[in-house]
file data.txt (compact mmCIF, C-alpha atoms)
# COMPACT_ATOMS: atom_id res chain seq x y z
CA MET A 270 -202.05 128.03 -199.34
CA ALA A 271 -200.16 129.92 -202.04
CA ILE A 272 -196.41 129.46 -202.17
CA ARG A 273 -194.36 132.59 -201.50
CA GLU A 274 -193.15 133.05 -205.09
CA THR A 275 -196.64 133.35 -206.53
CA ASN A 276 -197.60 135.98 -203.99
CA THR A 277 -194.53 138.03 -204.81
CA LEU A 278 -195.38 137.95 -208.52
CA GLN A 279 -198.86 139.15 -207.81
CA THR A 280 -197.73 141.96 -205.59
CA ILE A 281 -195.74 143.67 -208.28
CA GLU A 282 -198.96 144.46 -210.08
CA LYS A 283 -201.50 144.69 -207.28
CA PRO A 284 -200.23 145.29 -203.77
CA TRP A 285 -203.80 145.10 -202.49
CA GLY A 286 -204.36 141.67 -203.99
CA SER A 287 -207.73 141.66 -205.60
CA GLY A 288 -209.93 144.69 -205.05
CA TRP A 289 -212.38 142.28 -203.50
CA LEU A 290 -210.29 142.21 -200.33
CA ALA A 291 -211.02 145.83 -199.49
CA ALA A 292 -214.69 145.31 -200.31
CA ARG A 293 -214.92 142.19 -198.15
CA LEU A 294 -213.30 143.97 -195.24
CA ALA A 295 -215.70 146.89 -195.57
CA ILE A 296 -218.71 144.60 -195.64
CA ALA A 297 -217.46 142.65 -192.64
CA GLY A 298 -216.97 145.90 -190.78
CA ALA A 299 -220.48 147.08 -191.60
CA ILE A 300 -222.03 143.82 -190.41
CA TRP A 301 -220.02 144.02 -187.22
CA ALA A 302 -221.17 147.56 -186.52
CA ALA A 303 -224.81 146.73 -187.15
CA VAL A 304 -224.79 143.71 -184.85
CA TYR A 305 -222.95 145.64 -182.16
CA TYR A 306 -225.38 148.54 -182.35
CA TYR A 307 -228.41 146.35 -181.81
CA LEU A 308 -226.93 144.16 -179.08
CA GLN A 309 -228.36 145.89 -176.06
CA PRO A 310 -231.96 146.17 -177.29
CA ALA A 311 -231.77 142.64 -178.67
CA SER A 312 -230.51 141.13 -175.43
CA GLU A 313 -233.12 143.01 -173.42
CA TRP A 314 -235.83 141.81 -175.75
CA VAL A 315 -234.74 138.18 -175.36
CA ALA A 316 -234.45 138.36 -171.59
CA TYR A 317 -237.49 140.43 -170.74
CA THR A 318 -239.93 139.88 -173.58
CA LEU A 319 -239.15 136.46 -174.97
CA LEU A 320 -238.17 134.75 -171.73
CA ARG A 321 -240.56 136.89 -169.70
CA LEU A 322 -238.03 137.52 -166.93
CA ASP A 323 -238.50 140.36 -164.49
CA PRO A 324 -235.63 142.85 -164.85
CA ALA A 325 -235.79 143.68 -161.18
CA SER A 326 -235.40 140.06 -160.08
CA HIS A 327 -232.06 138.36 -159.36
CA LEU A 328 -232.42 135.91 -162.22
CA GLY A 329 -233.69 138.50 -164.66
CA SER A 330 -230.90 140.88 -163.89
CA ALA A 331 -228.25 138.16 -164.13
CA VAL A 332 -229.56 136.77 -167.42
CA GLY A 333 -229.91 140.21 -168.98
CA PHE A 334 -226.31 141.01 -168.05
CA PHE A 335 -225.11 137.70 -169.47
CA LEU A 336 -226.98 137.93 -172.77
CA TYR A 337 -225.69 141.41 -173.43
CA ASP A 338 -222.11 141.00 -172.32
CA VAL A 339 -221.18 137.71 -173.96
CA PRO A 340 -221.76 138.75 -177.59
CA LYS A 341 -220.54 142.26 -176.87
CA ILE A 342 -217.20 141.13 -175.49
CA LEU A 343 -216.72 138.46 -178.15
CA LEU A 344 -217.44 140.98 -180.90
CA LEU A 345 -215.03 143.50 -179.41
CA LEU A 346 -212.38 140.84 -179.02
CA THR A 347 -212.69 139.80 -182.65
CA LEU A 348 -212.38 143.37 -183.87
CA ILE A 349 -209.52 144.42 -181.64
CA VAL A 350 -207.48 141.25 -182.07
CA PHE A 351 -207.89 141.65 -185.84
CA VAL A 352 -206.79 145.29 -185.82
CA VAL A 353 -203.87 144.57 -183.51
CA GLY A 354 -202.94 141.67 -185.79
CA ILE A 355 -202.69 144.04 -188.75
CA VAL A 356 -200.54 146.43 -186.72
CA ARG A 357 -198.30 143.58 -185.57
CA SER A 358 -197.74 142.40 -189.13
CA PHE A 359 -195.61 145.52 -189.58
CA PHE A 360 -193.23 144.61 -186.79
CA THR A 361 -190.79 141.77 -186.30
CA PRO A 362 -188.42 140.93 -183.45
CA GLN A 363 -185.52 141.43 -185.88
CA ARG A 364 -186.62 145.01 -186.54
CA ALA A 365 -187.04 145.66 -182.83
CA ARG A 366 -183.56 144.30 -182.23
CA ARG A 367 -182.08 146.60 -184.86
CA ALA A 368 -184.01 149.60 -183.56
CA LEU A 369 -182.87 149.04 -179.99
CA GLY A 370 -179.26 147.93 -180.46
CA GLY A 371 -176.89 150.41 -178.90
CA LYS A 372 -179.60 152.81 -177.79
CA HIS A 373 -178.91 154.55 -174.53
CA GLU A 374 -181.12 154.12 -171.53
CA GLY A 375 -183.98 156.54 -171.15
CA VAL A 376 -184.83 156.86 -174.83
CA GLY A 377 -184.13 153.17 -175.25
CA ASN A 378 -186.50 152.26 -172.42
CA VAL A 379 -189.32 154.29 -173.91
CA LEU A 380 -188.79 152.88 -177.39
CA ALA A 381 -188.48 149.34 -176.05
CA ALA A 382 -191.69 149.58 -174.05
CA GLY A 383 -193.53 150.82 -177.11
CA LEU A 384 -192.06 148.16 -179.37
CA GLY A 385 -192.85 145.47 -176.82
CA ILE A 386 -196.53 146.09 -177.34
CA VAL A 387 -196.55 145.87 -181.13
CA THR A 388 -193.91 143.22 -181.80
CA PRO A 389 -195.40 139.77 -182.07
CA PHE A 390 -193.74 136.91 -180.27
CA CYS A 391 -194.99 134.06 -178.18
CA SER A 392 -193.92 133.94 -174.58
CA CYS A 393 -191.97 130.76 -175.19
CA SER A 394 -189.63 132.88 -177.32
CA ALA A 395 -188.76 135.04 -174.32
CA VAL A 396 -185.37 133.40 -173.85
CA PRO A 397 -184.15 133.42 -177.48
CA LEU A 398 -185.37 136.99 -177.74
CA PHE A 399 -183.51 137.96 -174.60
CA LEU A 400 -180.35 136.29 -175.89
CA GLY A 401 -180.70 137.94 -179.29
CA PHE A 402 -181.12 141.39 -177.76
CA VAL A 403 -178.23 141.02 -175.34
CA GLU A 404 -175.95 139.79 -178.09
CA SER A 405 -176.88 142.78 -180.26
CA GLY A 406 -175.75 145.23 -177.66
CA VAL A 407 -179.22 146.19 -176.44
CA PRO A 408 -178.69 147.37 -172.81
CA LEU A 409 -180.08 145.05 -170.14
CA GLY A 410 -182.55 147.60 -168.79
CA VAL A 411 -183.87 148.34 -172.28
CA THR A 412 -184.38 144.63 -172.91
CA PHE A 413 -186.36 144.42 -169.70
CA SER A 414 -188.60 147.31 -170.71
CA PHE A 415 -189.43 145.33 -173.83
CA LEU A 416 -190.05 142.09 -171.94
CA ILE A 417 -192.24 143.77 -169.32
CA SER A 418 -194.52 145.73 -171.61
CA ALA A 419 -195.09 142.86 -174.04
CA PRO A 420 -197.21 140.58 -171.86
CA MET A 421 -198.70 143.31 -169.73
CA VAL A 422 -200.19 145.53 -172.38
CA ASN A 423 -202.00 142.81 -174.24
CA GLU A 424 -204.98 143.32 -176.45
CA VAL A 425 -207.21 140.79 -174.68
CA ALA A 426 -206.93 142.63 -171.38
CA LEU A 427 -207.37 145.95 -173.14
CA THR A 428 -210.46 144.81 -175.00
CA LEU A 429 -212.11 143.55 -171.89
CA LEU A 430 -211.24 146.64 -169.92
CA PHE A 431 -212.57 148.84 -172.70
CA GLY A 432 -215.72 146.76 -173.08
CA MET A 433 -216.48 146.73 -169.40
CA PHE A 434 -215.16 150.01 -168.09
CA GLY A 435 -214.85 152.31 -171.06
CA TRP A 436 -211.94 153.87 -172.87
CA ARG A 437 -210.73 156.00 -169.94
CA VAL A 438 -209.87 152.97 -167.84
CA ALA A 439 -208.45 151.10 -170.81
CA GLY A 440 -206.32 154.11 -171.70
CA LEU A 441 -205.08 154.45 -168.14
CA TYR A 442 -204.16 150.78 -168.15
CA VAL A 443 -202.05 151.21 -171.27
CA GLY A 444 -200.47 154.38 -169.93
CA THR A 445 -199.56 152.96 -166.54
CA GLY A 446 -198.46 149.66 -168.06
CA LEU A 447 -196.04 151.51 -170.31
CA ALA A 448 -194.88 153.68 -167.42
CA ILE A 449 -194.11 150.64 -165.32
CA ALA A 450 -192.27 148.96 -168.18
CA ILE A 451 -190.18 152.07 -168.85
CA LEU A 452 -189.37 152.86 -165.24
CA ALA A 453 -188.74 149.30 -164.12
CA GLY A 454 -186.44 148.72 -167.08
CA TRP A 455 -184.63 151.96 -166.41
CA VAL A 456 -184.17 151.15 -162.71
CA ILE A 457 -182.86 147.69 -163.53
CA GLY A 458 -180.44 149.28 -165.97
CA ARG A 459 -179.24 151.82 -163.41
CA LEU A 460 -178.62 149.10 -160.87
CA ARG A 461 -175.94 147.73 -163.18
CA LEU A 462 -177.15 144.18 -162.84
CA GLU A 463 -175.38 142.81 -165.91
CA ARG A 464 -173.75 140.26 -163.61
CA GLY A 465 -177.22 139.02 -162.68
CA VAL A 466 -177.39 137.34 -166.05
CA ALA A 467 -176.22 133.73 -166.26
CA ASP A 468 -172.58 133.59 -167.27
CA TRP A 469 -173.06 131.43 -170.34
CA VAL A 470 -175.32 134.05 -171.93
CA TYR A 471 -172.38 136.25 -172.83
CA ASP A 472 -170.74 133.35 -174.64
CA VAL A 473 -173.68 132.81 -176.94
CA ARG A 474 -173.01 133.68 -180.52
CA MET A 475 -176.06 134.15 -182.63
CA GLY A 476 -175.66 132.68 -186.08
CA GLU A 477 -176.33 134.52 -189.31
CA ALA A 478 -180.02 135.06 -189.94
CA GLN A 479 -180.93 132.62 -192.68
CA LEU A 480 -184.54 133.56 -193.19
CA PRO A 481 -184.97 136.50 -195.53
CA GLU A 482 -187.26 139.18 -194.20
CA GLU A 483 -190.09 139.09 -196.64
CA ARG A 484 -192.22 142.04 -197.53
CA GLN A 485 -195.78 141.35 -196.61
CA THR A 486 -198.64 142.20 -198.89
CA TRP A 487 -202.02 143.36 -197.65
CA PRO A 488 -203.64 139.97 -198.27
CA ASP A 489 -200.79 138.47 -196.20
CA ARG A 490 -201.47 140.90 -193.39
CA VAL A 491 -205.19 140.22 -193.41
CA ALA A 492 -204.55 136.48 -193.40
CA TYR A 493 -202.18 136.91 -190.48
CA ALA A 494 -204.73 138.97 -188.55
CA GLN A 495 -207.45 136.43 -189.31
CA GLN A 496 -205.23 133.66 -187.99
CA ALA A 497 -204.60 135.71 -184.84
CA VAL A 498 -208.35 136.04 -184.31
CA ARG A 499 -208.82 132.28 -184.76
CA ASP A 500 -205.96 131.52 -182.37
CA ILE A 501 -206.72 134.01 -179.64
CA VAL A 502 -210.51 134.12 -179.65
CA GLY A 503 -210.48 130.37 -180.14
CA ARG A 504 -208.37 129.95 -177.04
CA VAL A 505 -210.18 132.42 -174.88
CA TRP A 506 -213.88 132.41 -175.68
CA LEU A 507 -214.80 129.74 -173.16
CA TYR A 508 -213.06 131.61 -170.38
CA VAL A 509 -214.86 134.79 -171.39
CA ILE A 510 -218.22 133.07 -171.20
CA ALA A 511 -217.39 131.41 -167.90
CA GLY A 512 -216.12 134.67 -166.48
CA ILE A 513 -219.19 136.57 -167.62
CA ALA A 514 -221.42 133.88 -166.18
CA VAL A 515 -219.76 134.28 -162.79
CA GLY A 516 -219.92 138.03 -163.18
CA ALA A 517 -223.58 137.83 -164.09
CA ALA A 518 -224.30 135.76 -160.99
CA ILE A 519 -222.49 138.27 -158.81
CA HIS A 520 -224.30 141.10 -160.58
CA GLY A 521 -227.69 139.55 -159.98
CA TYR A 522 -227.32 137.93 -156.60
CA VAL A 523 -224.67 139.57 -154.47
CA PRO A 524 -225.93 142.55 -152.49
CA GLN A 525 -224.54 146.00 -153.23
CA ASP A 526 -221.42 147.05 -151.31
CA PHE A 527 -220.80 143.51 -150.17
CA MET A 528 -217.21 143.64 -151.43
CA ALA A 529 -216.52 147.10 -150.08
CA ALA A 530 -215.18 145.82 -146.78
CA LEU A 531 -212.83 143.31 -148.41
CA MET A 532 -211.63 145.10 -151.50
CA GLY A 533 -212.84 148.63 -151.10
CA LYS A 534 -210.79 151.75 -150.70
CA GLN A 535 -210.75 151.59 -146.93
CA ALA A 536 -208.84 148.32 -146.87
CA TRP A 537 -205.35 149.75 -147.52
CA TRP A 538 -203.74 146.33 -147.38
CA SER A 539 -205.91 145.05 -150.20
CA VAL A 540 -203.64 146.46 -152.90
CA PRO A 541 -200.40 144.70 -151.91
CA ALA A 542 -202.40 141.58 -151.05
CA ALA A 543 -203.99 141.58 -154.50
CA VAL A 544 -200.58 141.88 -156.13
CA ILE A 545 -199.16 139.02 -154.11
CA VAL A 546 -202.15 136.80 -154.82
CA GLY A 547 -201.73 137.51 -158.52
CA ILE A 548 -198.14 136.30 -158.74
CA PRO A 549 -198.71 132.54 -158.89
CA MET A 550 -201.66 132.96 -161.21
CA TYR A 551 -201.07 132.75 -164.89
CA SER A 552 -202.71 135.27 -167.10
CA ASN A 553 -206.09 134.68 -168.34
CA ALA A 554 -207.35 138.21 -168.43
CA ALA A 555 -210.33 137.00 -170.41
CA GLY A 556 -211.74 134.99 -167.56
CA ILE A 557 -210.87 137.29 -164.71
CA ILE A 558 -212.00 140.68 -165.94
CA PRO A 559 -215.72 139.94 -166.15
CA VAL A 560 -215.63 138.66 -162.59
CA VAL A 561 -213.73 141.76 -161.65
CA GLN A 562 -216.30 144.05 -163.20
CA ALA A 563 -219.05 142.57 -161.11
CA LEU A 564 -216.91 142.77 -157.97
CA ILE A 565 -216.34 146.43 -158.63
CA GLU A 566 -220.04 147.01 -158.96
CA LYS A 567 -220.40 145.53 -155.51
CA GLY A 568 -217.87 147.86 -153.92
CA ALA A 569 -214.40 146.54 -154.73
CA SER A 570 -212.27 149.44 -155.82
CA LEU A 571 -210.85 149.71 -159.31
CA GLY A 572 -207.27 150.25 -158.21
CA THR A 573 -207.08 147.04 -156.21
CA VAL A 574 -208.61 145.09 -159.00
CA LEU A 575 -206.35 146.52 -161.70
CA ALA A 576 -203.30 145.86 -159.53
CA PHE A 577 -204.43 142.27 -159.25
CA MET A 578 -204.83 141.97 -163.01
CA MET A 579 -201.46 143.49 -163.78
CA SER A 580 -199.84 141.20 -161.25
CA VAL A 581 -201.48 138.14 -162.77
CA ILE A 582 -200.36 139.10 -166.24
CA ALA A 583 -196.97 140.71 -165.75
CA LEU A 584 -195.61 138.72 -162.82
CA SER A 585 -196.36 135.26 -164.04
CA LEU A 586 -194.66 132.34 -162.41
CA PRO A 587 -194.32 130.39 -165.66
CA GLU A 588 -192.45 133.27 -167.25
CA VAL A 589 -190.18 133.50 -164.23
CA ILE A 590 -189.46 129.82 -164.53
CA ILE A 591 -188.51 130.33 -168.15
CA LEU A 592 -186.34 133.33 -167.36
CA ARG A 593 -184.65 131.37 -164.60
CA ARG A 594 -182.62 129.73 -167.33
CA VAL A 595 -180.94 132.97 -168.29
CA LEU A 596 -181.11 135.04 -165.10
CA LYS A 597 -179.69 134.45 -161.67
CA TRP A 598 -182.07 134.60 -158.70
CA ARG A 599 -180.78 138.01 -157.64
CA LEU A 600 -181.89 139.62 -160.88
CA ILE A 601 -185.19 137.78 -160.88
CA ALA A 602 -185.86 139.05 -157.37
CA VAL A 603 -185.06 142.62 -158.41
CA PHE A 604 -187.30 142.23 -161.44
CA LEU A 605 -190.23 140.97 -159.33
CA GLY A 606 -189.61 143.62 -156.70
CA VAL A 607 -189.36 146.60 -159.03
CA VAL A 608 -192.34 145.63 -161.17
CA GLY A 609 -194.31 144.63 -158.06
CA ILE A 610 -193.71 148.02 -156.46
CA GLY A 611 -194.73 149.71 -159.68
CA ILE A 612 -197.99 147.78 -159.80
CA VAL A 613 -198.77 148.46 -156.15
CA SER A 614 -198.20 152.17 -156.75
CA VAL A 615 -200.55 152.11 -159.71
CA GLY A 616 -203.14 150.38 -157.53
CA TYR A 617 -202.96 153.07 -154.87
CA LEU A 618 -202.96 155.78 -157.48
CA PHE A 619 -206.10 154.48 -159.13
CA ASN A 620 -207.83 154.06 -155.78
CA ALA A 621 -207.04 157.62 -154.89
CA VAL A 622 -207.93 159.17 -158.21
CA LEU A 623 -210.90 157.24 -159.54
CA MET B 203 -182.85 113.80 -194.20
CA ASN B 204 -182.42 115.58 -190.94
CA ILE B 205 -185.20 117.74 -189.51
CA LYS B 206 -184.69 119.76 -186.36
CA ILE B 207 -187.34 121.48 -184.28
CA LEU B 208 -185.80 124.36 -182.38
CA GLY B 209 -187.55 125.22 -179.16
CA SER B 210 -187.70 124.87 -175.42
CA GLY B 211 -190.51 122.35 -175.28
CA CYS B 212 -193.53 124.62 -175.20
CA ALA B 213 -196.88 123.59 -176.66
CA ASN B 214 -196.18 125.18 -180.06
CA CYS B 215 -192.87 123.36 -180.38
CA ARG B 216 -194.54 120.04 -179.74
CA LYS B 217 -197.27 120.83 -182.26
CA LEU B 218 -194.64 121.59 -184.86
CA GLU B 219 -192.80 118.39 -184.10
CA ALA B 220 -196.00 116.36 -184.45
CA LEU B 221 -196.84 118.11 -187.70
CA ALA B 222 -193.37 117.50 -189.12
CA LYS B 223 -193.53 113.82 -188.20
CA GLU B 224 -196.95 113.57 -189.81
CA VAL B 225 -195.70 115.02 -193.10
CA VAL B 226 -192.61 112.80 -193.05
CA SER B 227 -194.69 109.66 -192.59
CA GLU B 228 -197.23 110.73 -195.21
CA LEU B 229 -194.50 111.33 -197.77
CA GLY B 230 -192.78 108.11 -196.83
CA VAL B 231 -189.47 109.95 -196.51
CA GLU B 232 -186.68 108.54 -194.42
CA ALA B 233 -186.03 111.41 -192.07
CA GLN B 234 -184.80 111.93 -188.56
CA VAL B 235 -186.90 114.43 -186.62
CA GLU B 236 -185.25 115.75 -183.49
CA GLU B 237 -185.88 118.48 -180.97
CA VAL B 238 -183.15 120.96 -180.10
CA LYS B 239 -183.69 122.47 -176.68
CA ASP B 240 -180.28 123.88 -175.89
CA PHE B 241 -180.37 127.65 -176.27
CA LYS B 242 -176.79 128.02 -177.49
CA ALA B 243 -177.56 125.57 -180.28
CA ILE B 244 -180.85 127.31 -181.08
CA MET B 245 -179.17 130.70 -181.30
CA SER B 246 -176.47 129.34 -183.61
CA TYR B 247 -179.15 129.04 -186.27
CA GLY B 248 -179.65 132.76 -186.20
CA ILE B 249 -183.25 132.86 -185.01
CA MET B 250 -184.78 134.82 -182.19
CA THR B 251 -188.24 133.36 -182.04
CA THR B 252 -189.25 129.78 -181.45
CA PRO B 253 -190.42 127.35 -182.62
CA GLY B 254 -187.97 127.00 -185.46
CA LEU B 255 -187.87 124.43 -188.26
CA VAL B 256 -184.57 123.35 -189.80
CA ILE B 257 -184.36 120.94 -192.76
CA ASP B 258 -180.93 119.54 -193.63
CA GLY B 259 -179.22 122.42 -191.89
CA MET B 260 -181.28 125.19 -193.51
CA VAL B 261 -183.70 127.26 -191.42
CA LYS B 262 -187.12 127.20 -193.04
CA SER B 263 -189.29 129.01 -190.52
CA ALA B 264 -189.09 130.67 -187.13
CA GLY B 265 -191.57 131.99 -184.63
CA ARG B 266 -194.64 130.31 -186.10
CA ILE B 267 -196.15 126.97 -187.00
CA PRO B 268 -196.03 126.69 -190.78
CA SER B 269 -198.88 125.01 -192.60
CA LYS B 270 -198.72 121.35 -193.57
CA ALA B 271 -198.57 122.42 -197.22
CA GLU B 272 -195.53 124.58 -196.57
CA ILE B 273 -193.70 121.82 -194.72
CA THR B 274 -194.56 119.34 -197.47
CA SER B 275 -193.24 121.67 -200.14
CA TRP B 276 -189.98 122.30 -198.25
CA ILE B 277 -189.35 118.61 -197.75
CA THR B 278 -190.07 117.71 -201.36
CA THR B 279 -187.83 120.55 -202.57
CA ALA B 280 -185.06 119.37 -200.26
CA LEU B 281 -185.46 115.83 -201.62
CA SER B 282 -185.34 116.89 -205.25
CA GLY B 283 -182.31 119.05 -204.60
CA ARG B 284 -180.19 116.04 -203.73
call {"tool": "encode", "arguments": {"input": "data.txt", "output": "structure tokens"}}
result
Amino acid sequence: MAIRETNTLQTIEKPWGSGWLAARLAIAGAIWAAVYYYLQPASEWVAYTLLRLDPASHLGSAVGFFLYDVPKILLLLTLIVFVVGIVRSFFTPQRARRALGGKHEGVGNVLAAGLGIVTPFCSCSAVPLFLGFVESGVPLGVTFSFLISAPMVNEVALTLLFGMFGWRVAGLYVGTGLAIAILAGWVIGRLRLERGVADWVYDVRMGEAQLPEERQTWPDRVAYAQQAVRDIVGRVWLYVIAGIAVGAAIHGYVPQDFMAALMGKQAWWSVPAAVIVGIPMYSNAAGIIPVVQALIEKGASLGTVLAFMMSVIALSLPEVIILRRVLKWRLIAVFLGVVGIGIVSVGYLFNAVL
Amino acid sequence: MNIKILGSGCANCRKLEALAKEVVSELGVEAQVEEVKDFKAIMSYGIMTTPGLVIDGMVKSAGRIPSKAEITSWITTALSGR
């Protein structure tokens, strides 16, 4: 791996690195598009011609679903994680901190929610990030908007939603996720809960930043995005396949409308129940969404299912346990309550509208 | 040589610690590798994202797991600077 100095020297002459980079990206994109385009006919050919399965049978229908969805979702994931990786290479937590320091609520909440989506940080950094923001004079509510939108509006969930339900549902998920992050953060700010933060937090003095913020070149950004694909798809692909397998089984074998009684629109209690069930579960959107798609086909309503997903991702017990170190129980309870109510509302809204 | 891994004990922090120890033993350097979990101490280094890597009091990386080559180069530079 090239040492920093050499890269800097190169960038003065050629910010794009070698022209080959652009060409390689274009070729990769073309291959991706071609494979994607031929997925459905190819999977049908394998299932119904090669394997001689009957499309109307349980097995045939399940296998056809599986063979089409697995490569489709994995391809989409690779593309979207890569693109999001490139976008994220433009943002750092330090920049977010500077952008948000001293901003008033309202505007600050909106900006924070937006930045939360594009700023890269791992969830184990939640506490240092929180401390850094607080120390910089970022209002508590604004910090929360950032910390709520970051895990919730994540590209894995978005990719799967888009791949399985189309861009309308994916777009609504982003929109409502942002809305919840903004409003919940704003409400927490209004409630003047600064005393809900552990006392020692206000004594923390952040040292001088020693690491220079380096300017990234395009080859750097591409390398970063490639690493993100390796990390994320590498972590998640097995869950995707397992989830799609379960989804395929449900698709092929469970009778239509079977889920309607349990998770359909008539069962009004299903939305809050789904949110509560989601709390102790830690996010693996990749595994759950394919199952969810099949459930919806069998009558579960989209609102209930989305509420469940948001609850799993945004109200995760591990994150609460981490935040417990810097927040008192009162504030944690308010956080869970406000975000929980937001998610339940979104669930009802989707059920009513879609 | 003193090497500190700044972090709250998550999987990435442990990976970084293991990687650092591996490089240290491969280079045959006499170095103390320790984990810093206390948040006040972590913040005093001026970083906002963990895991962080500190060599002889200087922050070398934050918020990512650097490559073995990078860690090796930092340690050898620190050694030659003495």
call {"tool": "closest_residue", "arguments": {"input": "data.txt", "among": "B:Lys217, B:Lys223, B:Lys242, B:Arg266", "to": "chain A", "atoms": "all atoms listed in the file"}}
result
B:Lys242
call {"tool": "interface_residues", "arguments": {"input": "data.txt", "of": "chain A", "to": "chain B", "cutoff": "6 Å", "atoms": "all atoms listed in the file", "output": "PyMOL selection string"}}
result
chain A and resi 394+397-398+401+473+475-478
call {"tool": "atom_distance", "arguments": {"input": "data.txt", "atom1": "CA of Lys206 in chain B", "atom2": "CA of Gly259 in chain B"}}
result
8.2 Å
call {"tool": "atom_distance", "arguments": {"input": "data.txt", "atom1": "CA of Thr278 in chain B", "atom2": "CA of Leu229 in chain B"}}
result
8.6 Å
call {"tool": "atom_distance", "arguments": {"input": "data.txt", "atom1": "CA of Ala492 in chain A", "atom2": "CA of Glu237 in chain B"}}
result
28.8 Å
call {"tool": "closest_residue", "arguments": {"input": "data.txt", "among": "A:Leu600, A:Val304, A:Ala311, A:Leu427", "to": "Leu346 in chain A", "atoms": "only C-alpha atoms"}}
result
A:Leu427
call {"tool": "closest_residue", "arguments": {"input": "data.txt", "among": "A:Ile558, A:Val411, A:Leu480, A:Ile582", "to": "Gly254 in chain B", "atoms": "only C-alpha atoms"}}
result
A:Leu480
call {"tool": "closest_residue", "arguments": {"input": "data.txt", "among": "A:Asp323, A:Asp338, A:Asp468, A:Glu463", "to": "Ala563 in chain A", "atoms": "only C-alpha atoms"}}
result
A:Asp338
call {"tool": "closest_residue", "arguments": {"input": "data.txt", "among": "A:Gln496, A:Gln479, A:Ser330, A:Ser392", "to": "Ile590 in chain A", "atoms": "only C-alpha atoms"}}
result
A:Ser392
call {"tool": "residues_around", "arguments": {"input": "data.txt", "residues": "Leu416 in chain A", "least_positions_apart": "5", "cutoff": "10 Å", "atoms": "only C-alpha atoms", "output": "PyMOL selection string"}}
result
chain A and resi 381-382+384-386+392+395+398-399+410-411+421+450+454+583
call {"tool": "closest_residue", "arguments": {"input": "data.txt", "among": "A:Ala331, A:Leu564, A:Ile355, A:Ile342", "to": "Asp489 in chain A", "atoms": "only C-alpha atoms"}}
result
A:Ile355
call {"tool": "residues_around", "arguments": {"input": "data.txt", "residues": "range 430-442 of chain A", "least_positions_apart": "2", "cutoff": "9 Å", "atoms": "all atoms listed in the file", "output": "JSON, numbers by chain"}}
result
{"A": [338, 341, 342, 345, 422, 425, 426, 427, 428, 444, 445, 446, 447, 558, 559, 562, 575, 579]}
call {"tool": "write_last_selection", "arguments": {"input": "data.txt", "atoms": "C-alpha atoms", "output": "PDB file, in the frame of the given file"}}
result
ATOM      1  CA  ASP A 338    -222.110 141.000-172.320  1.00  0.00           C
ATOM      2  CA  LYS A 341    -220.540 142.260-176.870  1.00  0.00           C
ATOM      3  CA  ILE A 342    -217.200 141.130-175.490  1.00  0.00           C
ATOM      4  CA  LEU A 345    -215.030 143.500-179.410  1.00  0.00           C
ATOM      5  CA  VAL A 422    -200.190 145.530-172.380  1.00  0.00           C
ATOM      6  CA  VAL A 425    -207.210 140.790-174.680  1.00  0.00           C
ATOM      7  CA  ALA A 426    -206.930 142.630-171.380  1.00  0.00           C
ATOM      8  CA  LEU A 427    -207.370 145.950-173.140  1.00  0.00           C
ATOM      9  CA  THR A 428    -210.460 144.810-175.000  1.00  0.00           C
ATOM     10  CA  GLY A 444    -200.470 154.380-169.930  1.00  0.00           C
ATOM     11  CA  THR A 445    -199.560 152.960-166.540  1.00  0.00           C
ATOM     12  CA  GLY A 446    -198.460 149.660-168.060  1.00  0.00           C
ATOM     13  CA  LEU A 447    -196.040 151.510-170.310  1.00  0.00           C
ATOM     14  CA  ILE A 558    -212.000 140.680-165.940  1.00  0.00           C
ATOM     15  CA  PRO A 559    -215.720 139.940-166.150  1.00  0.00           C
ATOM     16  CA  GLN A 562    -216.300 144.050-163.200  1.00  0.00           C
ATOM     17  CA  LEU A 575    -206.350 146.520-161.700  1.00  0.00           C
ATOM     18  CA  MET A 579    -201.460 143.490-163.780  1.00  0.00           C
TER      19      MET A 579
END
call {"tool": "build_atoms", "arguments": {"input": "data.txt", "residues": "range 229-235 of chain B", "atoms": "N, CA and C atoms", "output": "compact mmCIF listing (two decimals), keeping the file's coordinate frame"}}
result
# COMPACT_ATOMS: atom_id res chain seq x y z
N LEU B 229 -195.30 111.34 -196.55
CA LEU B 229 -194.50 111.33 -197.77
C LEU B 229 -193.67 110.07 -197.89
N GLY B 230 -193.59 109.33 -196.79
CA GLY B 230 -192.78 108.11 -196.83
C GLY B 230 -191.30 108.38 -196.91
N VAL B 231 -190.89 109.57 -196.45
CA VAL B 231 -189.47 109.95 -196.51
C VAL B 231 -188.73 109.36 -195.33
N GLU B 232 -187.48 109.01 -195.55
CA GLU B 232 -186.68 108.54 -194.42
C GLU B 232 -186.03 109.77 -193.81
N ALA B 233 -186.56 110.19 -192.67
CA ALA B 233 -186.03 111.41 -192.07
C ALA B 233 -185.97 111.27 -190.56
N GLN B 234 -184.96 111.92 -190.00
CA GLN B 234 -184.80 111.93 -188.56
C GLN B 234 -185.33 113.27 -188.04
N VAL B 235 -186.33 113.21 -187.16
CA VAL B 235 -186.90 114.43 -186.62
C VAL B 235 -186.47 114.56 -185.17
